[in-house]
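As stored in final.pdb (PDB, C-alpha atoms):
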```pdb
ATOM      1  CA  MET S   1     108.976 -14.331-110.496
ATOM      2  CA  ILE S   2     109.133 -13.566-114.157
ATOM      3  CA  GLU S   3     110.894 -15.460-116.902
ATOM      4  CA  VAL S   4     113.762 -13.586-118.530
ATOM      5  CA  LEU S   5     116.072 -15.235-121.055
ATOM      6  CA  GLY S   6     114.840 -18.663-119.976
ATOM      7  CA  ARG S   7     115.452 -18.066-116.243
ATOM      8  CA  GLN S   8     113.152 -17.269-113.344
ATOM      9  CA  ILE S   9     114.009 -13.801-112.013
ATOM     10  CA  ALA S  10     112.769 -12.336-108.744
ATOM     11  CA  ASN S  11     110.810  -9.123-109.177
ATOM     12  CA  LYS S  12     108.348  -9.032-106.273
ATOM     13  CA  MET S  13     108.973  -7.659-102.811
ATOM     14  CA  ASN S  14     108.508 -11.093-101.294
ATOM     15  CA  GLU S  15     111.087 -12.534-103.707
ATOM     16  CA  ILE S  16     113.920 -10.012-103.478
ATOM     17  CA  ASN S  17     115.796  -9.442-100.253
ATOM     18  CA  ILE S  18     116.517  -6.140 -98.540
ATOM     19  CA  ASP S  19     120.084  -6.069 -99.892
ATOM     20  CA  GLU S  20     118.797  -6.350-103.467
ATOM     21  CA  PHE S  21     116.102  -3.757-102.718
ATOM     22  CA  GLU S  22     118.762  -1.342-101.422
ATOM     23  CA  LYS S  23     120.869  -1.848-104.543
ATOM     24  CA  ILE S  24     117.868  -1.382-106.860
ATOM     25  CA  SER S  25     116.795   1.768-104.988
ATOM     26  CA  ALA S  26     120.318   3.203-105.238
ATOM     27  CA  ILE S  27     120.323   2.577-108.991
ATOM     28  CA  HIS S  28     116.939   4.281-109.472
ATOM     29  CA  ASN S  29     118.066   7.256-107.373
ATOM     30  CA  ASN S  30     121.358   7.715-109.223
ATOM     31  CA  PRO S  31     121.052  10.752-111.523
ATOM     32  CA  GLU S  32     124.182   9.719-113.450
ATOM     33  CA  PHE S  33     122.301   6.802-115.078
ATOM     34  CA  ASP S  34     119.798   7.237-117.894
ATOM     35  CA  ASN S  35     116.624   5.107-117.914
ATOM     36  CA  ILE S  36     118.011   2.258-120.009
ATOM     37  CA  GLU S  37     121.238   2.135-118.017
ATOM     38  CA  LYS S  38     119.219   2.020-114.792
ATOM     39  CA  GLN S  39     117.207  -0.963-115.951
ATOM     40  CA  ILE S  40     120.295  -2.797-117.228
ATOM     41  CA  LYS S  41     121.882  -2.340-113.795
ATOM     42  CA  VAL S  42     118.679  -3.445-112.021
ATOM     43  CA  PHE S  43     118.646  -6.638-114.083
ATOM     44  CA  GLU S  44     122.296  -7.182-113.138
ATOM     45  CA  VAL S  45     121.278  -7.112-109.446
ATOM     46  CA  VAL S  46     118.875 -10.007-110.063
ATOM     47  CA  GLY S  47     121.269 -11.975-112.251
ATOM     48  CA  ILE S  48     121.019 -10.866-115.900
ATOM     49  CA  GLU S  49     124.222  -9.329-117.264
ATOM     50  CA  GLU S  50     124.166  -6.551-119.858
ATOM     51  CA  ASP S  51     125.883  -8.606-122.564
ATOM     52  CA  GLU S  52     123.122 -11.243-122.371
ATOM     53  CA  TRP S  53     120.576  -8.858-123.907
ATOM     54  CA  GLU S  54     120.326  -9.047-127.697
ATOM     55  CA  ASP S  55     116.845  -7.852-128.688
ATOM     56  CA  PHE S  56     115.891  -4.335-127.558
ATOM     57  CA  LYS S  57     112.147  -4.965-128.020
ATOM     58  CA  TYR S  58     112.418  -8.017-125.736
ATOM     59  CA  PHE S  59     114.406  -5.934-123.216
ATOM     60  CA  VAL S  60     111.651  -3.285-123.147
ATOM     61  CA  GLU S  61     108.958  -5.955-122.762
ATOM     62  CA  LYS S  62     110.794  -7.585-119.836
ATOM     63  CA  THR S  63     111.507  -4.192-118.272
ATOM     64  CA  LYS S  64     107.769  -3.420-118.240
ATOM     65  CA  GLU S  65     106.999  -6.849-116.818
ATOM     66  CA  PHE S  66     109.724  -6.539-114.181
ATOM     67  CA  ASN S  67     108.523  -3.107-113.071
ATOM     68  CA  THR S  68     104.856  -4.028-112.786
ATOM     69  CA  ASP S  69     103.706  -2.833-109.391
ATOM     70  CA  ASN S  70     102.736  -6.018-107.657
ATOM     71  CA  TYR S  71     103.210  -5.109-104.017
ATOM     72  CA  GLU S  72     100.207  -5.698-101.800
ATOM     73  CA  ASN S  73      99.964  -3.764 -98.554
ATOM     74  CA  LYS S  74     100.103  -6.210 -95.690
ATOM     75  CA  GLU S  75     100.078  -5.953 -91.942
ATOM     76  CA  PRO S  76     103.608  -5.337 -90.690
ATOM     77  CA  VAL S  77     105.598  -8.308 -89.474
ATOM     78  CA  THR S  78     106.145  -7.634 -85.779
ATOM     79  CA  SER S  79     108.220 -10.685 -84.890
ATOM     80  CA  LEU S  80     110.942 -12.554 -86.763
ATOM     81  CA  GLU S  81     113.142 -15.474 -85.877
ATOM     82  CA  ILE S  82     116.638 -15.250 -87.324
ATOM     83  CA  ASP S  83     119.410 -17.693 -86.420
ATOM     84  CA  GLY S  84     117.460 -18.914 -83.391
ATOM     85  CA  PHE S  85     116.828 -15.440 -81.931
ATOM     86  CA  THR S  86     113.520 -13.589 -81.826
ATOM     87  CA  TYR S  87     113.398  -9.983 -83.010
ATOM     88  CA  ASN S  88     110.359  -7.802 -82.286
ATOM     89  CA  ALA S  89     109.284  -4.436 -83.660
ATOM     90  CA  GLU S  90     106.426  -2.016 -83.134
ATOM     91  CA  MET S  91     105.042   0.791 -85.238
ATOM     92  CA  ARG S  92     106.384   3.441 -82.906
ATOM     93  CA  LEU S  93     109.587   5.421 -82.626
ATOM     94  CA  SER S  94     111.411   6.317 -79.461
ATOM     95  CA  VAL S  95     113.362   9.549 -79.319
ATOM     96  CA  LYS S  96     116.610   7.558 -79.498
ATOM     97  CA  ASP S  97     115.365   5.522 -82.481
ATOM     98  CA  THR S  98     114.352   8.702 -84.307
ATOM     99  CA  LYS S  99     117.691  10.370 -83.630
ATOM    100  CA  LEU S 100     119.582   7.323 -84.956
ATOM    101  CA  ILE S 101     117.282   6.954 -87.970
ATOM    102  CA  GLU S 102     117.876  10.587 -88.930
ATOM    103  CA  LYS S 103     121.627   9.924 -88.789
ATOM    104  CA  ILE S 104     121.185   6.812 -90.944
ATOM    105  CA  ILE S 105     119.149   8.543 -93.635
ATOM    106  CA  THR S 106     121.120  11.795 -93.778
ATOM    107  CA  LYS S 107     124.511  10.214 -94.372
ATOM    108  CA  GLU S 108     125.576   8.496 -97.569
ATOM    109  CA  ASN S 109     124.644   4.927 -96.700
ATOM    110  CA  LYS S 110     124.064   2.084 -99.131
ATOM    111  CA  HIS S 111     122.491  -0.032 -96.377
ATOM    112  CA  SER S 112     120.081   2.489 -94.891
ATOM    113  CA  VAL S 113     117.055   0.175 -95.176
ATOM    114  CA  SER S 114     118.726  -2.736 -93.398
ATOM    115  CA  ASP S 115     120.224  -0.315 -90.840
ATOM    116  CA  VAL S 116     116.751   1.075 -90.054
ATOM    117  CA  MET S 117     115.329  -2.430 -89.788
ATOM    118  CA  ALA S 118     118.174  -3.454 -87.469
ATOM    119  CA  LEU S 119     117.336  -0.495 -85.267
ATOM    120  CA  LEU S 120     113.571  -1.083 -85.198
ATOM    121  CA  PHE S 121     113.688  -4.847 -84.630
ATOM    122  CA  LYS S 122     115.001  -5.496 -81.156
ATOM    123  CA  ARG S 123     116.248  -8.891 -80.016
ATOM    124  CA  SER S 124     113.931 -10.096 -77.252
ATOM    125  CA  ASP S 125     116.696 -11.400 -74.975
ATOM    126  CA  LEU S 126     118.842  -8.232 -74.926
ATOM    127  CA  SER S 127     118.745  -5.081 -72.843
ATOM    128  CA  LYS S 128     118.405  -1.593 -74.344
ATOM    129  CA  THR S 129     122.133  -1.017 -73.856
ATOM    130  CA  GLU S 130     123.000  -4.187 -75.775
ATOM    131  CA  HIS S 131     120.427  -3.436 -78.467
ATOM    132  CA  TYR S 132     121.923  -0.013 -79.259
ATOM    133  CA  ASP S 133     125.527  -1.244 -79.263
ATOM    134  CA  ASN S 134     127.137  -0.334 -82.631
ATOM    135  CA  ALA S 135     128.616  -3.788 -83.200
ATOM    136  CA  HIS S 136     125.253  -5.424 -82.506
ATOM    137  CA  LEU S 137     123.420  -3.038 -84.862
ATOM    138  CA  LYS S 138     125.973  -3.676 -87.636
ATOM    139  CA  HIS S 139     125.618  -7.431 -87.172
ATOM    140  CA  LYS S 140     121.823  -7.200 -87.268
ATOM    141  CA  SER S 141     121.948  -5.010 -90.356
ATOM    142  CA  LYS S 142     123.808  -7.803 -92.159
ATOM    143  CA  LEU S 143     121.180 -10.307 -91.017
ATOM    144  CA  PHE S 144     118.326  -8.105 -92.208
ATOM    145  CA  ARG S 145     119.846  -7.711 -95.685
ATOM    146  CA  LEU S 146     118.932 -11.349 -96.255
ATOM    147  CA  GLN S 147     115.268 -10.911 -95.266
ATOM    148  CA  ALA S 148     112.481 -10.382 -97.815
ATOM    149  CA  ALA S 149     112.104  -6.747 -98.840
ATOM    150  CA  GLU S 150     108.358  -6.865 -98.212
ATOM    151  CA  ILE S 151     109.066  -6.950 -94.464
ATOM    152  CA  ALA S 152     110.697  -3.513 -94.652
ATOM    153  CA  ILE S 153     108.037  -1.668 -96.674
ATOM    154  CA  PRO S 154     105.490  -0.986 -93.884
ATOM    155  CA  TYR S 155     108.283   0.188 -91.576
ATOM    156  CA  LEU S 156     109.839   2.430 -94.220
ATOM    157  CA  ASN S 157     106.428   3.978 -94.914
ATOM    158  CA  PHE S 158     105.841   4.498 -91.181
ATOM    159  CA  VAL S 159     109.278   6.041 -90.572
ATOM    160  CA  THR S 160     108.987   8.285 -93.630
ATOM    161  CA  GLN S 161     105.506   9.504 -92.658
ATOM    162  CA  THR S 162     106.478  10.057 -89.022
ATOM    163  CA  ILE S 163     109.639  12.018 -89.766
ATOM    164  CA  SER S 164     108.027  13.925 -92.651
ATOM    165  CA  SER S 165     105.057  14.897 -90.486
ATOM    166  CA  HIS S 166     107.399  16.126 -87.751
ATOM    167  CA  ALA S 167     109.456  18.135 -90.249
ATOM    168  CA  GLN S 168     106.317  19.751 -91.691
ATOM    169  CA  LYS S 169     105.113  20.748 -88.214
ATOM    170  CA  GLN S 170     108.528  22.241 -87.405
ATOM    171  CA  ALA S 171     108.539  24.186 -90.673
ATOM    172  CA  ALA S 172     105.037  25.535 -90.012
ATOM    173  CA  GLU S 173     105.961  26.548 -86.469
ATOM    174  CA  SER S 174     109.103  28.254 -87.756
ATOM    175  CA  VAL S 175     107.076  30.252 -90.280
ATOM    176  CA  GLU S 176     104.557  31.224 -87.598
ATOM    177  CA  SER S 177     107.270  32.363 -85.162
ATOM    178  CA  ASN S 178     108.971  34.392 -87.921
ATOM    179  CA  ASN S 179     105.662  36.115 -88.723
ATOM    180  CA  ASP S 180     105.170  37.200 -85.107
TER     181      ASP S 180
END
```

As structure tokens, how would this structure be written, given the file I've shared?
Amino acid sequence: MIEVLGRQIANKMNEINIDEFEKISAIHNNPEFDNIEKQIKVFEVVGIEEDEWEDFKYFVEKTKEFNTDNYENKEPVTSLEIDGFTYNAEMRLSVKDTKLIEKIITKENKHSVSDVMALLFKRSDLSKTEHYDNAHLKHKSKLFRLQAAEIAIPYLNFVTQTISSHAQKQAAESVESNND
């Protein structure tokens, strides 16, 4: 937490939830916003409205403090209890998981992080059929939006590296086959 305008504001991955992380990421990835506008909107996500800022120098100081990289790599959380149910995940992707993740990340989706987490974390008392049910995945996505963002980071890194590595291999193979 950092103090901004006399209030404690979450700025660490263990303090913000996945929903806030998704909103902040969307702001940073929006090319329509300039740098100052992006930071104003990020502060709005964590509870500071634009009209509360008076001193630009103070705004810049708090922006630097807010954006200080303070994430520590940790072992991935492999089991969570939410609303009395246990959800488990592994650092591996099935073919079905990968197919669904590619659909999640290629469509315009403001909840892609929580959707990926809902897919990777499987409720221990459900079958595969129940786990992949659309209504169940949507419900879980809502539950995961309330979890700490730090839980998602190792999984996002893993998914990104896995899919990126696969795409690079496919591209290399395509080039090789075209050169033959």

Spatial neighbours of stretch 15-29 of chain S, max dist 8 Å, all atoms listed in the file, sep filter under 4 positions, as number ranges by chain: S: 1, 10-11, 33, 38, 41-42, 45-46, 110-114, 144-149, 152

Can you give me, as a PyMOL selection string, the residues this file yields under the PyMOL selection byres ((chain S and resi 53) around 12)? chain S and resi 4-5+39-40+43-44+48-52+54-60+62-63

Of S:Lys74, S:Lys128, S:Arg92, S:His136, the one sitting nearest S:Pro154 when using only C-alpha atoms is S:Lys74

Using all atoms listed in the file, the shortest atom-to-atom distance to S:Lys12 among S:Ile105, S:Ser141, S:Pro31, S:Asn67 belongs to S:Asn67

Distance criterion (only C-alpha atoms): nearest to S:Tyr87 out of S:Asn14, S:Ser164, S:Ser124, S:Asn35: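 Comparing S:Asn14, S:Ser164, S:Ser124, S:Asn35 against S:Tyr87, the winner is S:Ser124.
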
Go through S:Ile101, S:Ile9, S:Ile163, S:Ile82 one by one, measure the shortest atom-to-atom distance of each to S:Lys140 using all atoms listed in the file, and give the residue with the smallest value.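 The shortest atom-to-atom distance to S:Lys140 comes from S:Ile82.
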
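Each of S:Ala118, S:Ile2, S:Ile153, S:Ile36 was checked against S:Leu80 using all atoms listed in the file; the smallest atom-to-atom distance is that of S:Ala118.
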
How would you write, as a list in words, the residues chosen by the PyMOL selection byres ((chain S and resi 89) around 9) on this structure? Val77, Thr78, Ser79, Leu80, Tyr87, Asn88, Glu90, Met91, Arg92, Met117, Leu120, Phe121 and Lys122 of chain S

Take the selection from the previous step and output its residues with C-alpha atoms, as a PDB file, keeping the file's coordinate frame.
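Output file selection.pdb follows:
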```pdb
ATOM      1  CA  VAL S  77     105.598  -8.308 -89.474  1.00  0.00           C
ATOM      2  CA  THR S  78     106.145  -7.634 -85.779  1.00  0.00           C
ATOM      3  CA  SER S  79     108.220 -10.685 -84.890  1.00  0.00           C
ATOM      4  CA  LEU S  80     110.942 -12.554 -86.763  1.00  0.00           C
ATOM      5  CA  TYR S  87     113.398  -9.983 -83.010  1.00  0.00           C
ATOM      6  CA  ASN S  88     110.359  -7.802 -82.286  1.00  0.00           C
ATOM      7  CA  GLU S  90     106.426  -2.016 -83.134  1.00  0.00           C
ATOM      8  CA  MET S  91     105.042   0.791 -85.238  1.00  0.00           C
ATOM      9  CA  ARG S  92     106.384   3.441 -82.906  1.00  0.00           C
ATOM     10  CA  MET S 117     115.329  -2.430 -89.788  1.00  0.00           C
ATOM     11  CA  LEU S 120     113.571  -1.083 -85.198  1.00  0.00           C
ATOM     12  CA  PHE S 121     113.688  -4.847 -84.630  1.00  0.00           C
ATOM     13  CA  LYS S 122     115.001  -5.496 -81.156  1.00  0.00           C
TER      14      LYS S 122
END
```

Interatomic distance (Å, one decimal) between atom CA of S:Phe66 and atom CA of S:Gln8: 11.3 Å

In Å, rounded to a single decimal, give me how far atom CA of S:Pro76 is from atom CA of S:Asn30. 28.8 Å

By how many Å are atom CA of S:Asp97 and atom CA of S:Thr162 apart?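 These atoms are spaced 11.9 Å apart.
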